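The structure appears below as structure tokens.
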Amino acid sequence: MEDPGSDIQADTDERVPNFDALTPPEEVVRGDRTRDDFFDAVLGLDDPATAGEVAERAGHGVDAAREYLDWFERMGIVTKVTDSPATYERNQEYLNWRRVQTLRSEYTTEELLDLLQSESERADALAAEFDAESPTGISITQYAAASDQSIEDVWEQLSSWETARRRVFLLERALTPASGEATDRESVA
């Protein structure tokens with residue numbers, strides 16, 4: 001094999017880059033907008049959190065967290081749970097509404113019906129397998145022992161069942177016209 005020409009060979013006097021001085025990957029991937037950082041932080045809330053806890057999750061200051069939490073509360077994204085200290089939780093109803101709006105805008109009625117059929121069948125099959133109405137009443141360890149399955153397998157099945165039920169709920173809402181929409185349709189006809 002021939003050596004490359006001198007015009008395309010590396011300069012042996014060049015310094016090797018200092019990789020430790022480069023921006024860490026988690027900083028590069030992270031959103032550059034403060035609002036997005038706080039929005040991601042509140043979406044991840046499972047329990048009520050203070051402005052300080054939200055600020056820590058978002059990687060920004062507490063004063064900024066207070067301002068964004070106040071704005072998010074006015075928008076309906078979070079709900080204030082307590083006043084002193086002020087704690088906030090994500091408003092799941094708002095998030096569900098957003099998901100329903102997204103489903104309505106991205107899928108046709110026929111596609112939504114197909115998705116609903118598929119998710120309903122999956123939820124019904126899991127309900128029959130566990131012989132229960134809901135996954136919340138199932139003890140993972142007891143079911144695993146009784147069915148000779150691993151705890152992880154049972155947990156995955158229950159998670160799939162809960163996901164299917166949540167999707168059925170959202171798809172049904174996406175297919176149900178909002179009160180204003182139904183009135184608009186009736187007045188057109």
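Labeling convention for the structure tokens: chains A, B, ... as they appear, residues from 1 per chain, ligands from 1 in order of appearance.
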
Contact check, segment 140-180 of chain A to segment 105-119 of chain A, at most 12 Å, counting only C-alpha atoms, closest pairs as a tab-separated table:
residue	atom	partner	partner_atom	distance
A:Ser160	CA	A:Glu119	CA	10.2
A:Trp161	CA	A:Glu119	CA	9.3
A:Glu162	CA	A:Glu119	CA	10.7
A:Thr163	CA	A:Glu119	CA	9.0
A:Ala164	CA	A:Glu119	CA	5.4
A:Arg165	CA	A:Glu119	CA	7.5
A:Arg166	CA	A:Glu119	CA	9.3
A:Arg167	CA	A:Glu119	CA	6.8
A:Val168	CA	A:Leu116	CA	5.9
A:Phe169	CA	A:Leu116	CA	9.0
A:Leu170	CA	A:Leu116	CA	9.1
A:Leu171	CA	A:Leu116	CA	6.0
A:Glu172	CA	A:Leu116	CA	7.2
A:Arg173	CA	A:Leu112	CA	10.4
A:Ala174	CA	A:Leu112	CA	7.8
A:Leu175	CA	A:Thr109	CA	7.0
A:Thr176	CA	A:Thr109	CA	10.3
A:Pro177	CA	A:Thr109	CA	11.2

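Taking the backbone of this structure through DSSP, the residues of segment 129-165 of chain A that come out as helix (DSSP H, G or I) are Glu129, Phe130, Pro135, Thr136, Gly137, Ile140, Thr141, Gln142, Tyr143, Ala144, Ala145, Ala146, Ser147, Ile151, Glu152, Asp153, Val154, Trp155, Glu156, Gln157, Leu158, Ser159, Ser160, Trp161, Glu162, Thr163, Ala164 and Arg165 of chain A.
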
Response to the item:
Using only C-alpha atoms, the residue out of A:Ala51, A:Val154, A:Leu43, A:Ala64 with shortest distance to Ser84 of chain A is A:Ala51

Worksheet item: What does the distance from atom CA of Leu126 of chain A to atom CA of Thr141 of chain A come to in Å, to one decimal?
Response: 17.2 Å

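Closest approach to Ala125 of chain A among A:Leu158, A:Tyr143, A:Gln149, A:Tyr94: A:Leu158, based on only C-alpha atoms.
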
Worksheet entry | atom CA of Val42 of chain A to atom CA of Glu73 of chain A, distance in Å rounded to a single decimal | 10.9 Å

Discussion item. Just to confirm, what's the straight-line distance from atom CA of Glu133 of chain A to atom CA of Glu93 of chain A in Å (one decimal)?
Written reply: 23.1 Å

Discussion item. Excluding Glu89 of chain A and its own-chain neighbours fewer than 4 positions away, which residues fall within 6 Å of it when counting only C-alpha atoms? Please give them as a list in words.
Written reply: Pro48, Val78 and Thr79 of chain A

Discussion item. List as a list of chain:residue names the protein and nucleic acid residues near Met75 of chain A, meaning an atom at most 12 Å away when only C-alpha atoms are counted, but skip any in the same chain fewer than 6 places from it.
Written reply: A:Phe39, A:Tyr68, A:Leu69, A:Arg90, A:Asn91, A:Tyr94, A:Leu95

Practice prompt. Once DSSP has gone over the backbone, tell me which residues of segment 1-185 of chain A are in strand (DSSP E or B), as a PyMOL selection string.
Written response: chain A and resi 49-50+78-83+86-90
